[in-house]
file final_2.txt (compact mmCIF, C-alpha atoms and all ligand atoms)
# COMPACT_ATOMS: atom_id res chain seq x y z
CA MET I 1 4.25 12.50 -10.90
CA ARG I 2 7.54 11.13 -12.17
CA ILE I 3 8.64 7.61 -11.12
CA ASP I 4 12.04 6.05 -11.88
CA VAL I 5 12.75 2.38 -11.15
CA VAL I 6 16.20 0.80 -11.20
CA THR I 7 16.14 -2.99 -11.45
CA ILE I 8 18.00 -5.99 -12.86
CA PHE I 9 14.59 -7.21 -14.17
CA PRO I 10 12.86 -4.36 -16.05
CA GLU I 11 10.49 -6.98 -17.56
CA TYR I 12 9.22 -7.70 -14.03
CA LEU I 13 7.61 -4.24 -14.15
CA GLU I 14 5.64 -4.84 -17.37
CA PRO I 15 2.36 -4.71 -15.37
CA LEU I 16 2.93 -0.95 -15.06
CA ASN I 17 1.69 -0.81 -18.69
CA VAL I 18 -1.69 -2.30 -17.74
CA SER I 19 -4.97 -1.12 -16.23
CA LEU I 20 -5.08 1.84 -13.83
CA VAL I 21 -1.35 2.61 -13.84
CA GLY I 22 -1.05 1.98 -17.59
CA LYS I 23 -3.95 4.38 -18.26
CA ALA I 24 -2.51 7.03 -15.93
CA ARG I 25 0.73 6.84 -17.92
CA ALA I 26 -1.09 7.01 -21.26
CA ARG I 27 -2.96 10.08 -20.03
CA GLY I 28 0.28 11.80 -18.98
CA LEU I 29 -0.57 11.77 -15.25
CA LEU I 30 2.35 9.45 -14.51
CA ASP I 31 5.80 9.50 -16.13
CA VAL I 32 7.39 6.08 -15.40
CA ARG I 33 10.99 5.43 -16.47
CA LEU I 34 12.62 2.00 -16.06
CA HIS I 35 16.40 1.62 -15.83
CA GLY I 36 18.38 -1.63 -16.11
CA LEU I 37 20.94 -1.82 -13.30
CA ARG I 38 23.29 -3.88 -15.50
CA GLU I 39 23.53 -0.94 -17.93
CA HIS I 40 25.57 0.71 -15.15
CA THR I 41 28.20 -2.03 -14.80
CA SER I 42 31.62 -1.83 -16.46
CA ASP I 43 32.89 -5.45 -16.42
CA VAL I 44 32.24 -7.95 -19.23
CA HIS I 45 30.04 -10.11 -16.96
CA ARG I 46 27.93 -7.08 -15.98
CA THR I 47 28.29 -8.11 -12.32
CA VAL I 48 25.88 -6.57 -9.82
CA ASP I 49 26.54 -8.74 -6.74
CA ASP I 50 29.37 -10.04 -4.60
CA SER I 51 29.84 -12.05 -1.38
CA PRO I 52 29.07 -10.37 1.94
CA TYR I 53 31.84 -8.99 4.13
CA GLY I 54 31.70 -10.84 7.46
CA GLY I 55 30.49 -13.99 5.76
CA GLY I 56 27.05 -15.52 5.71
CA PRO I 57 24.68 -16.82 3.07
CA GLY I 58 23.69 -15.14 -0.16
CA MET I 59 25.08 -12.21 -2.08
CA VAL I 60 25.03 -8.45 -1.64
CA MET I 61 24.42 -5.93 -4.43
CA LYS I 62 27.60 -3.98 -5.24
CA PRO I 63 27.56 -0.23 -4.61
CA GLU I 64 29.06 1.09 -7.88
CA PRO I 65 26.24 0.15 -10.32
CA TRP I 66 23.59 1.49 -7.92
CA ALA I 67 25.48 4.75 -7.41
CA ALA I 68 25.89 5.20 -11.18
CA ALA I 69 22.21 4.48 -11.80
CA LEU I 70 21.02 6.85 -9.05
CA ASP I 71 23.46 9.58 -10.17
CA GLY I 72 22.05 9.26 -13.69
CA ILE I 73 18.51 9.70 -12.40
CA VAL I 74 19.33 12.70 -10.20
CA ASP I 75 21.34 14.34 -13.00
CA SER I 76 18.43 13.89 -15.42
CA ALA I 77 16.43 16.49 -13.49
CA GLY I 78 17.92 19.03 -15.94
CA GLU I 79 15.05 21.46 -16.41
CA ALA I 80 14.02 21.31 -12.74
CA ASP I 81 17.57 21.93 -11.47
CA GLY I 82 18.10 21.23 -7.78
CA GLU I 83 15.08 18.96 -7.63
CA VAL I 84 15.73 15.48 -6.22
CA PRO I 85 13.51 12.41 -6.06
CA THR I 86 12.37 10.73 -2.88
CA LEU I 87 14.20 7.39 -2.91
CA VAL I 88 11.98 4.45 -1.96
CA VAL I 89 13.91 1.31 -1.02
CA PRO I 90 11.70 -1.78 -0.71
CA THR I 91 13.01 -4.12 1.98
CA PRO I 92 11.48 -6.50 4.52
CA SER I 93 13.42 -4.51 7.15
CA GLY I 94 11.69 -1.23 6.20
CA ARG I 95 8.86 0.65 7.83
CA PRO I 96 5.41 -0.81 7.16
CA PHE I 97 3.67 0.36 3.99
CA THR I 98 0.28 1.78 4.97
CA GLN I 99 -2.40 3.92 3.34
CA ALA I 100 -0.97 6.88 5.28
CA LEU I 101 2.47 6.30 3.72
CA ALA I 102 0.86 5.87 0.29
CA GLN I 103 -0.78 9.29 0.77
CA GLU I 104 2.50 10.82 1.89
CA LEU I 105 4.29 9.47 -1.20
CA ALA I 106 1.42 10.57 -3.46
CA GLY I 107 2.13 14.14 -2.34
CA ARG I 108 5.69 14.06 -3.73
CA PRO I 109 6.38 15.07 -7.32
CA TRP I 110 9.14 12.53 -7.99
CA LEU I 111 9.83 9.02 -6.63
CA ALA I 112 12.80 6.76 -7.44
CA PHE I 113 12.62 3.07 -6.50
CA ALA I 114 15.61 0.85 -5.74
CA PRO I 115 14.32 -2.74 -5.51
CA ALA I 116 17.05 -5.21 -4.53
CA ARG I 117 17.53 -8.89 -5.25
CA TYR I 118 19.75 -11.20 -3.19
CA GLU I 119 20.39 -10.17 0.44
CA GLY I 120 20.08 -6.45 -0.31
CA ILE I 121 22.14 -3.45 -1.42
CA ASP I 122 25.45 -2.44 0.16
CA ARG I 123 24.39 -0.15 3.02
CA ARG I 124 26.68 2.66 1.92
CA VAL I 125 24.53 3.28 -1.18
CA ILE I 126 21.51 4.12 0.96
CA ASP I 127 23.53 6.12 3.49
CA ALA I 128 25.14 8.18 0.72
CA ALA I 129 21.80 8.73 -1.05
CA ALA I 130 20.26 9.94 2.21
CA GLU I 131 22.73 12.84 2.24
CA ARG I 132 21.33 14.07 -1.08
CA MET I 133 17.62 13.16 -1.05
CA PRO I 134 14.84 11.92 1.21
CA VAL I 135 15.03 8.11 1.59
CA VAL I 136 12.21 5.84 2.76
CA GLU I 137 12.85 2.16 3.37
CA VAL I 138 9.53 0.36 3.09
CA SER I 139 8.24 -3.16 3.79
CA ILE I 140 4.93 -4.31 2.29
CA GLY I 141 4.30 -6.93 4.98
CA ASP I 142 5.69 -9.51 7.34
CA TYR I 143 6.91 -12.07 4.81
CA VAL I 144 9.97 -12.27 2.61
CA LEU I 145 9.89 -11.84 -1.17
CA ALA I 146 12.71 -12.91 -3.49
CA GLY I 147 13.15 -9.30 -4.58
CA GLY I 148 11.69 -5.83 -4.28
CA GLU I 149 10.11 -5.58 -7.76
CA VAL I 150 6.71 -6.88 -6.67
CA ALA I 151 6.79 -4.41 -3.78
CA VAL I 152 7.40 -1.63 -6.32
CA LEU I 153 4.28 -2.71 -8.21
CA VAL I 154 2.30 -2.68 -4.95
CA ILE I 155 3.53 0.74 -3.88
CA VAL I 156 3.16 2.35 -7.32
CA GLU I 157 -0.43 1.08 -7.68
CA ALA I 158 -1.44 2.27 -4.20
CA VAL I 159 0.14 5.69 -4.84
CA ALA I 160 -1.07 6.12 -8.44
CA ARG I 161 -4.75 5.69 -7.57
CA LEU I 162 -4.41 8.61 -5.13
CA LEU I 163 -3.09 11.04 -7.76
CA PRO I 164 -5.52 13.74 -8.88
CA GLY I 165 -7.45 12.66 -11.97
CA VAL I 166 -6.45 8.97 -11.90
CA LEU I 167 -9.69 7.62 -10.42
CA GLY I 168 -13.07 8.73 -11.73
CA ASN I 169 -15.72 10.06 -9.39
CA ALA I 170 -17.54 6.70 -9.34
CA GLU I 171 -14.42 4.96 -8.00
CA SER I 172 -13.26 7.72 -5.65
CA HIS I 173 -10.97 6.83 -2.74
CA GLN I 174 -12.91 8.87 -0.17
CA ASP I 175 -14.32 5.65 1.36
CA ASP I 176 -11.11 3.61 1.37
CA SER I 177 -10.82 1.30 4.36
CA PHE I 178 -7.58 2.78 5.67
CA ALA I 179 -8.04 6.42 4.63
CA PRO I 180 -8.94 9.01 7.27
CA GLY I 181 -12.69 9.48 7.49
CA ARG I 182 -15.80 7.54 8.34
CA MET I 183 -14.44 4.22 7.00
CA ALA I 184 -11.03 4.58 8.69
CA ASP I 185 -9.83 1.24 10.04
CA LEU I 186 -12.98 -0.55 8.89
CA LEU I 187 -12.97 -3.40 6.37
CA GLU I 188 -15.59 -3.39 3.61
CA GLY I 189 -18.43 -5.85 4.03
CA PRO I 190 -19.85 -8.06 1.25
CA VAL I 191 -21.00 -6.71 -2.11
CA TYR I 192 -23.59 -8.08 -4.55
CA THR I 193 -24.80 -7.55 -8.11
CA LYS I 194 -27.50 -9.02 -10.38
CA PRO I 195 -29.16 -11.49 -10.48
CA ALA I 196 -31.17 -10.87 -7.29
CA GLU I 197 -31.31 -14.63 -6.76
CA TRP I 198 -28.52 -16.96 -7.84
CA ARG I 199 -28.37 -20.72 -7.15
CA ASP I 200 -31.05 -20.33 -4.48
CA ARG I 201 -29.08 -17.55 -2.81
CA PRO I 202 -30.94 -14.25 -2.57
CA VAL I 203 -29.21 -10.89 -2.24
CA PRO I 204 -29.84 -9.46 1.28
CA GLU I 205 -33.30 -7.90 1.11
CA VAL I 206 -32.27 -4.53 2.55
CA LEU I 207 -30.12 -3.87 -0.55
CA LEU I 208 -33.25 -4.08 -2.75
CA SER I 209 -35.30 -1.83 -0.44
CA GLY I 210 -34.31 1.49 -1.99
CA ASN I 211 -34.01 2.87 1.56
CA HIS I 212 -30.58 4.47 1.38
CA GLY I 213 -30.39 5.32 5.07
CA LEU I 214 -31.13 1.73 6.02
CA ILE I 215 -28.68 0.42 3.42
CA ALA I 216 -25.89 2.66 4.72
CA ARG I 217 -26.52 1.48 8.27
CA TRP I 218 -26.58 -2.20 7.20
CA ARG I 219 -23.32 -1.80 5.32
CA ARG I 220 -21.71 -0.19 8.32
CA GLU I 221 -22.82 -3.04 10.58
CA GLN I 222 -21.42 -5.54 8.07
CA ALA I 223 -18.13 -3.59 8.11
CA PHE I 224 -18.00 -3.75 11.91
CA ALA I 225 -18.65 -7.52 11.90
CA ARG I 226 -16.12 -8.14 9.13
CA THR I 227 -13.43 -6.11 10.88
CA LEU I 228 -14.02 -7.91 14.18
CA ALA I 229 -13.73 -11.28 12.45
CA MET I 230 -10.72 -10.57 10.23
CA ARG I 231 -8.83 -7.75 11.94
CA PRO I 232 -9.71 -7.56 15.64
CA ASP I 233 -6.46 -5.60 16.14
CA LEU I 234 -8.08 -2.63 14.35
CA VAL I 235 -10.79 -2.24 17.01
CA GLU I 236 -8.58 -0.25 19.37
CA ARG I 237 -7.88 2.28 16.60
CA TRP I 238 -11.57 3.10 16.13
CA ASP I 239 -12.45 6.72 16.86
CA ARG I 240 -15.31 7.38 19.30
CA ALA I 241 -16.08 10.66 17.49
CA ALA I 242 -16.67 8.72 14.23
CA MET I 243 -19.49 6.68 15.83
CA ASP I 244 -23.14 7.72 16.15
CA LYS I 245 -25.80 6.17 18.39
CA HIS I 246 -26.73 3.57 15.74
CA ASP I 247 -23.09 2.54 15.54
CA LEU I 248 -22.79 2.14 19.31
CA LYS I 249 -25.93 -0.03 19.36
CA ALA I 250 -24.65 -2.20 16.50
CA LEU I 251 -21.27 -2.53 18.21
CA ALA I 252 -22.88 -3.49 21.52
CA GLY I 253 -24.66 -6.30 19.63
CA LEU I 254 -21.23 -7.49 18.48
CA GLY I 255 -19.83 -7.32 22.02
CA VAL I 256 -17.89 -4.09 21.54
CA HIS I 257 -18.18 -1.22 24.02
CA TRP I 258 -16.57 2.14 24.54
CA ASP I 259 -14.24 1.95 27.52
CA GLU I 260 -13.95 5.43 29.05
CA PRO I 261 -10.94 4.72 31.33
CA SER I 262 -8.75 3.54 28.43
CA GLY I 263 -10.32 5.85 25.85
CA ARG I 264 -10.73 2.88 23.49
CA PHE I 265 -13.30 0.47 22.16
CA ARG I 266 -12.95 -2.96 23.73
CA ARG I 267 -14.22 -6.38 22.78
CA ARG I 268 -16.15 -8.40 25.34
CA PRO I 269 -13.67 -11.02 26.63
CA ILE I 270 -14.31 -14.31 24.81
CA GLY I 271 -16.49 -16.72 26.76
CA VAL I 272 -18.14 -13.93 28.77
CA GLU I 273 -21.80 -13.53 27.78
CA GLU I 274 -23.71 -10.25 28.03
CL1 LIG I 301 9.60 -4.39 0.21
N1 LIG I 301 10.99 -6.59 -0.28
C1 LIG I 301 11.23 -7.88 -0.09
N2 LIG I 301 12.24 -8.46 -0.77
N3 LIG I 301 10.54 -8.65 0.72
C2 LIG I 301 9.54 -8.06 1.37
C3 LIG I 301 9.22 -6.73 1.23
C4 LIG I 301 9.98 -6.00 0.39
N4 LIG I 301 8.18 -6.43 2.01
C5 LIG I 301 7.87 -7.56 2.62
N5 LIG I 301 8.68 -8.55 2.24
call {"tool": "encode", "arguments": {"input": "final_2.txt", "output": "structure tokens"}}
result
Amino acid sequence: MRIDVVTIFPEYLEPLNVSLVGKARARGLLDVRLHGLREHTSDVHRTVDDSPYGGGPGMVMKPEPWAAALDGIVDSAGEADGEVPTLVVPTPSGRPFTQALAQELAGRPWLAFAPARYEGIDRRVIDAAAERMPVVEVSIGDYVLAGGEVAVLVIVEAVARLLPGVLGNAESHQDDSFAPGRMADLLEGPVYTKPAEWRDRPVPEVLLSGNHGLIARWRREQAFARTLAMRPDLVERWDRAAMDKHDLKALAGLGVHWDEPSGRFRRRPIGVEE
């Protein structure tokens, strides 16, 4: 996969040289190219922002440097003539970044990122780009960052680990919490390693039993309990077909029942005992 990033702070993306993403680049699985937005200005001050039409606080990123930078990226396709990147624009007003979107992006051969600073990029840049290439405006959560660079790091890491060959078998993403499958919409429960007892705290006995069926069931119950505690909103996304009779019994113990009329799992209303 090829990834281009246009930014006024290329140094903010140094972490792309480290760990999983850094190794994927070193192994030739990822081709990441950083571009300084200011290289595409033509005034002595290398200006990238200006005051907003209509007034209001903050500054807006000027269209010309962005257009020049994006043109340069699209024109660099060269060999693969006619190919265009998918443009990813990080913004708190974008669509939520989810594992499903990470998978969708991981299926594309070429991504270009346009992280903004200030109040954002002049809208016409995105509208014009959308006439030439797919554009996805993405938010990484319901909070506001000072700029999109950190969101680029988040999105690139989530996408890179899904690319073929990036993760080893031992660290496969088959069991990811938000991937389709048996762990869909379930949070991982606690994990333990040696020593078996530490500061008077033993590791749960079942994990030392060697009984893999029992261990799998225990882990699944822990995942149910954890999800109920931390993300009760996920319960209504649980799939009845993904649950076996052990699951239903464990869920009943946690106050969760299948509700046939609504076709959803439901939590026992708080304060109502079994
Ligand atoms: Cl993608 N960018 C910025 N600046 N703030 C955000 C965000 C993105 N996602 C959530 N907050």
call {"tool": "residues_near_ligand", "arguments": {"input": "final_2.txt", "ligand": "ligand LIG 301 (chain I)", "cutoff": "8 Å", "atoms": "all atoms listed in the file", "output": "list in words"}}
result
Val89, Pro90, Thr91, Pro92, Ser93, Gly94, Pro115, Ala116, Arg117, Glu137, Val138, Ser139, Ile140, Gly141, Asp142, Tyr143, Val144, Leu145, Ala146, Gly147, Gly148, Glu149, Val150, Ala151 and Val152 of chain I
call {"tool": "write_last_selection", "arguments": {"input": "final_2.txt", "atoms": "C-alpha atoms", "output": "PDB file, in the coordinates of the input"}}
result
ATOM      1  CA  VAL I  89      13.910   1.310  -1.020  1.00  0.00           C
ATOM      2  CA  PRO I  90      11.700  -1.780  -0.710  1.00  0.00           C
ATOM      3  CA  THR I  91      13.010  -4.120   1.980  1.00  0.00           C
ATOM      4  CA  PRO I  92      11.480  -6.500   4.520  1.00  0.00           C
ATOM      5  CA  SER I  93      13.420  -4.510   7.150  1.00  0.00           C
ATOM      6  CA  GLY I  94      11.690  -1.230   6.200  1.00  0.00           C
ATOM      7  CA  PRO I 115      14.320  -2.740  -5.510  1.00  0.00           C
ATOM      8  CA  ALA I 116      17.050  -5.210  -4.530  1.00  0.00           C
ATOM      9  CA  ARG I 117      17.530  -8.890  -5.250  1.00  0.00           C
ATOM     10  CA  GLU I 137      12.850   2.160   3.370  1.00  0.00           C
ATOM     11  CA  VAL I 138       9.530   0.360   3.090  1.00  0.00           C
ATOM     12  CA  SER I 139       8.240  -3.160   3.790  1.00  0.00           C
ATOM     13  CA  ILE I 140       4.930  -4.310   2.290  1.00  0.00           C
ATOM     14  CA  GLY I 141       4.300  -6.930   4.980  1.00  0.00           C
ATOM     15  CA  ASP I 142       5.690  -9.510   7.340  1.00  0.00           C
ATOM     16  CA  TYR I 143       6.910 -12.070   4.810  1.00  0.00           C
ATOM     17  CA  VAL I 144       9.970 -12.270   2.610  1.00  0.00           C
ATOM     18  CA  LEU I 145       9.890 -11.840  -1.170  1.00  0.00           C
ATOM     19  CA  ALA I 146      12.710 -12.910  -3.490  1.00  0.00           C
ATOM     20  CA  GLY I 147      13.150  -9.300  -4.580  1.00  0.00           C
ATOM     21  CA  GLY I 148      11.690  -5.830  -4.280  1.00  0.00           C
ATOM     22  CA  GLU I 149      10.110  -5.580  -7.760  1.00  0.00           C
ATOM     23  CA  VAL I 150       6.710  -6.880  -6.670  1.00  0.00           C
ATOM     24  CA  ALA I 151       6.790  -4.410  -3.780  1.00  0.00           C
ATOM     25  CA  VAL I 152       7.400  -1.630  -6.320  1.00  0.00           C
TER      26      VAL I 152
END
call {"tool": "closest_residue", "arguments": {"input": "final_2.txt", "among": "I:Arg2, I:Arg199, I:His212, I:Arg267", "to": "I:Arg33", "atoms": "all atoms listed in the file"}}
result
I:Arg2
call {"tool": "residues_around", "arguments": {"input": "final_2.txt", "residues": "I:Gly58", "least_positions_apart": "5", "cutoff": "9 Å", "atoms": "only C-alpha atoms", "output": "list in words"}}
result
Asp50, Ser51, Pro52, Tyr118 and Glu119 of chain I
call {"tool": "residues_around", "arguments": {"input": "final_2.txt", "residues": "I:Ile121", "least_positions_apart": "6", "cutoff": "7 Å", "atoms": "only C-alpha atoms", "output": "MDAnalysis selection string"}}
result
chainID I and resid 60:62
call {"tool": "atom_distance", "arguments": {"input": "final_2.txt", "atom1": "atom CA of I:Leu20", "atom2": "atom CA of I:Ala160"}}
result
8.0 Å
call {"tool": "atom_distance", "arguments": {"input": "final_2.txt", "atom1": "atom CA of I:Gly54", "atom2": "atom CA of I:Val125"}}
result
18.0 Å
call {"tool": "atom_distance", "arguments": {"input": "final_2.txt", "atom1": "atom CA of I:Leu29", "atom2": "atom CA of I:Leu163"}}
result
7.9 Å
call {"tool": "closest_residue", "arguments": {"input": "final_2.txt", "among": "I:Leu208, I:Ala223, I:Val18, I:Leu87", "to": "I:Ala196", "atoms": "all atoms listed in the file"}}
result
I:Leu208
call {"tool": "closest_residue", "arguments": {"input": "final_2.txt", "among": "I:Ala67, I:Val44, I:Ala184, I:Ala241", "to": "I:Asp127", "atoms": "all atoms listed in the file"}}
result
I:Ala67
call {"tool": "closest_residue", "arguments": {"input": "final_2.txt", "among": "I:Lys245, I:Arg38, I:His173, I:Arg231", "to": "I:Arg217", "atoms": "all atoms listed in the file"}}
result
I:Lys245
call {"tool": "closest_residue", "arguments": {"input": "final_2.txt", "among": "I:Ala69, I:Leu34, I:Val74, I:Ala242", "to": "I:Pro10", "atoms": "only C-alpha atoms"}}
result
I:Leu34
call {"tool": "closest_residue", "arguments": {"input": "final_2.txt", "among": "I:Thr193, I:Ala252, I:Val48, I:Gln99", "to": "I:Glu157", "atoms": "all atoms listed in the file"}}
result
I:Gln99
call {"tool": "residues_around", "arguments": {"input": "final_2.txt", "residues": "stretch 254-258 of chain I", "least_positions_apart": "2", "cutoff": "9 Å", "atoms": "all atoms listed in the file", "output": "list of chain:residue names"}}
result
I:Phe224, I:Ala225, I:Leu228, I:Val235, I:Arg240, I:Leu248, I:Lys249, I:Ala250, I:Leu251, I:Ala252, I:Glu260, I:Ser262, I:Gly263, I:Arg264, I:Phe265, I:Arg266, I:Arg267, I:Arg268, I:Pro269, I:Glu273, I:Glu274
call {"tool": "residues_around", "arguments": {"input": "final_2.txt", "residues": "I:Trp218", "least_positions_apart": "6", "cutoff": "12 Å", "atoms": "only C-alpha atoms", "output": "list in words"}}
result
Glu188, Gly189, Pro190, Val191, Pro204, Glu205, Val206, Leu207, Ser209, Asn211, His212, Phe224, Ala225, His246, Asp247 and Ala250 of chain I
call {"tool": "write_last_selection", "arguments": {"input": "final_2.txt", "atoms": "C-alpha atoms", "output": "PDB file, in the coordinates of the input"}}
result
ATOM      1  CA  GLU I 188     -15.590  -3.390   3.610  1.00  0.00           C
ATOM      2  CA  GLY I 189     -18.430  -5.850   4.030  1.00  0.00           C
ATOM      3  CA  PRO I 190     -19.850  -8.060   1.250  1.00  0.00           C
ATOM      4  CA  VAL I 191     -21.000  -6.710  -2.110  1.00  0.00           C
ATOM      5  CA  PRO I 204     -29.840  -9.460   1.280  1.00  0.00           C
ATOM      6  CA  GLU I 205     -33.300  -7.900   1.110  1.00  0.00           C
ATOM      7  CA  VAL I 206     -32.270  -4.530   2.550  1.00  0.00           C
ATOM      8  CA  LEU I 207     -30.120  -3.870  -0.550  1.00  0.00           C
ATOM      9  CA  SER I 209     -35.300  -1.830  -0.440  1.00  0.00           C
ATOM     10  CA  ASN I 211     -34.010   2.870   1.560  1.00  0.00           C
ATOM     11  CA  HIS I 212     -30.580   4.470   1.380  1.00  0.00           C
ATOM     12  CA  PHE I 224     -18.000  -3.750  11.910  1.00  0.00           C
ATOM     13  CA  ALA I 225     -18.650  -7.520  11.900  1.00  0.00           C
ATOM     14  CA  HIS I 246     -26.730   3.570  15.740  1.00  0.00           C
ATOM     15  CA  ASP I 247     -23.090   2.540  15.540  1.00  0.00           C
ATOM     16  CA  ALA I 250     -24.650  -2.200  16.500  1.00  0.00           C
TER      17      ALA I 250
END
call {"tool": "residues_around", "arguments": {"input": "final_2.txt", "residues": "I:Glu39", "least_positions_apart": "2", "cutoff": "10 Å", "atoms": "all atoms listed in the file", "output": "MDAnalysis selection string"}}
result
chainID I and resid 8 35:37 41:42 46 65 68:69
call {"tool": "build_atoms", "arguments": {"input": "final_2.txt", "residues": "stretch 5-12 of chain I", "atoms": "all heavy atoms", "output": "JSON list (two decimals), keeping the file's coordinate frame"}}
result
[["chain", "number", "residue", "atom", "x", "y", "z"],
["I", 5, "VAL", "N", 12.50, 3.67, -11.81],
["I", 5, "VAL", "CA", 12.75, 2.38, -11.15],
["I", 5, "VAL", "C", 14.04, 1.80, -11.71],
["I", 5, "VAL", "O", 14.19, 1.68, -12.93],
["I", 5, "VAL", "CB", 11.60, 1.37, -11.38],
["I", 5, "VAL", "CG1", 11.83, 0.10, -10.56],
["I", 5, "VAL", "CG2", 10.24, 1.98, -11.06],
["I", 6, "VAL", "N", 14.96, 1.46, -10.82],
["I", 6, "VAL", "CA", 16.20, 0.80, -11.20],
["I", 6, "VAL", "C", 16.09, -0.67, -10.80],
["I", 6, "VAL", "O", 15.78, -0.97, -9.64],
["I", 6, "VAL", "CB", 17.43, 1.42, -10.49],
["I", 6, "VAL", "CG1", 18.71, 0.71, -10.93],
["I", 6, "VAL", "CG2", 17.51, 2.91, -10.76],
["I", 7, "THR", "N", 16.34, -1.58, -11.75],
["I", 7, "THR", "CA", 16.14, -2.99, -11.45],
["I", 7, "THR", "C", 16.99, -3.85, -12.38],
["I", 7, "THR", "O", 17.33, -3.41, -13.49],
["I", 7, "THR", "CB", 14.64, -3.38, -11.63],
["I", 7, "THR", "OG1", 14.49, -4.80, -11.58],
["I", 7, "THR", "CG2", 14.08, -2.89, -12.96],
["I", 8, "ILE", "N", 17.34, -5.07, -11.93],
["I", 8, "ILE", "CA", 18.00, -5.99, -12.86],
["I", 8, "ILE", "C", 16.95, -6.71, -13.71],
["I", 8, "ILE", "O", 17.31, -7.42, -14.65],
["I", 8, "ILE", "CB", 18.93, -7.02, -12.16],
["I", 8, "ILE", "CG1", 18.20, -7.84, -11.12],
["I", 8, "ILE", "CG2", 20.14, -6.32, -11.57],
["I", 8, "ILE", "CD1", 19.04, -9.04, -10.62],
["I", 9, "PHE", "N", 15.66, -6.56, -13.40],
["I", 9, "PHE", "CA", 14.59, -7.21, -14.17],
["I", 9, "PHE", "C", 13.53, -6.20, -14.63],
["I", 9, "PHE", "O", 12.39, -6.24, -14.15],
["I", 9, "PHE", "CB", 13.90, -8.29, -13.32],
["I", 9, "PHE", "CG", 14.77, -9.47, -12.99],
["I", 9, "PHE", "CD1", 14.93, -9.87, -11.67],
["I", 9, "PHE", "CD2", 15.41, -10.18, -13.99],
["I", 9, "PHE", "CE1", 15.74, -10.97, -11.36],
["I", 9, "PHE", "CE2", 16.21, -11.29, -13.68],
["I", 9, "PHE", "CZ", 16.38, -11.68, -12.36],
["I", 10, "PRO", "N", 13.87, -5.32, -15.58],
["I", 10, "PRO", "CA", 12.86, -4.36, -16.05],
["I", 10, "PRO", "C", 11.57, -5.06, -16.50],
["I", 10, "PRO", "O", 10.47, -4.51, -16.32],
["I", 10, "PRO", "CB", 13.55, -3.65, -17.22],
["I", 10, "PRO", "CG", 15.01, -3.81, -16.95],
["I", 10, "PRO", "CD", 15.16, -5.14, -16.26],
["I", 11, "GLU", "N", 11.68, -6.27, -17.06],
["I", 11, "GLU", "CA", 10.49, -6.98, -17.56],
["I", 11, "GLU", "C", 9.54, -7.36, -16.42],
["I", 11, "GLU", "O", 8.36, -7.60, -16.64],
["I", 11, "GLU", "CB", 10.89, -8.21, -18.37],
["I", 11, "GLU", "CG", 11.60, -9.33, -17.60],
["I", 11, "GLU", "CD", 13.12, -9.17, -17.48],
["I", 11, "GLU", "OE1", 13.63, -8.02, -17.51],
["I", 11, "GLU", "OE2", 13.80, -10.21, -17.32],
["I", 12, "TYR", "N", 10.07, -7.41, -15.19],
["I", 12, "TYR", "CA", 9.22, -7.70, -14.03],
["I", 12, "TYR", "C", 8.21, -6.59, -13.81],
["I", 12, "TYR", "O", 7.19, -6.76, -13.14],
["I", 12, "TYR", "CB", 10.10, -7.83, -12.78],
["I", 12, "TYR", "CG", 9.76, -9.00, -11.89],
["I", 12, "TYR", "CD1", 10.68, -10.00, -11.67],
["I", 12, "TYR", "CD2", 8.52, -9.10, -11.26],
["I", 12, "TYR", "CE1", 10.39, -11.07, -10.86],
["I", 12, "TYR", "CE2", 8.20, -10.16, -10.45],
["I", 12, "TYR", "CZ", 9.15, -11.15, -10.26],
["I", 12, "TYR", "OH", 8.86, -12.21, -9.45]]
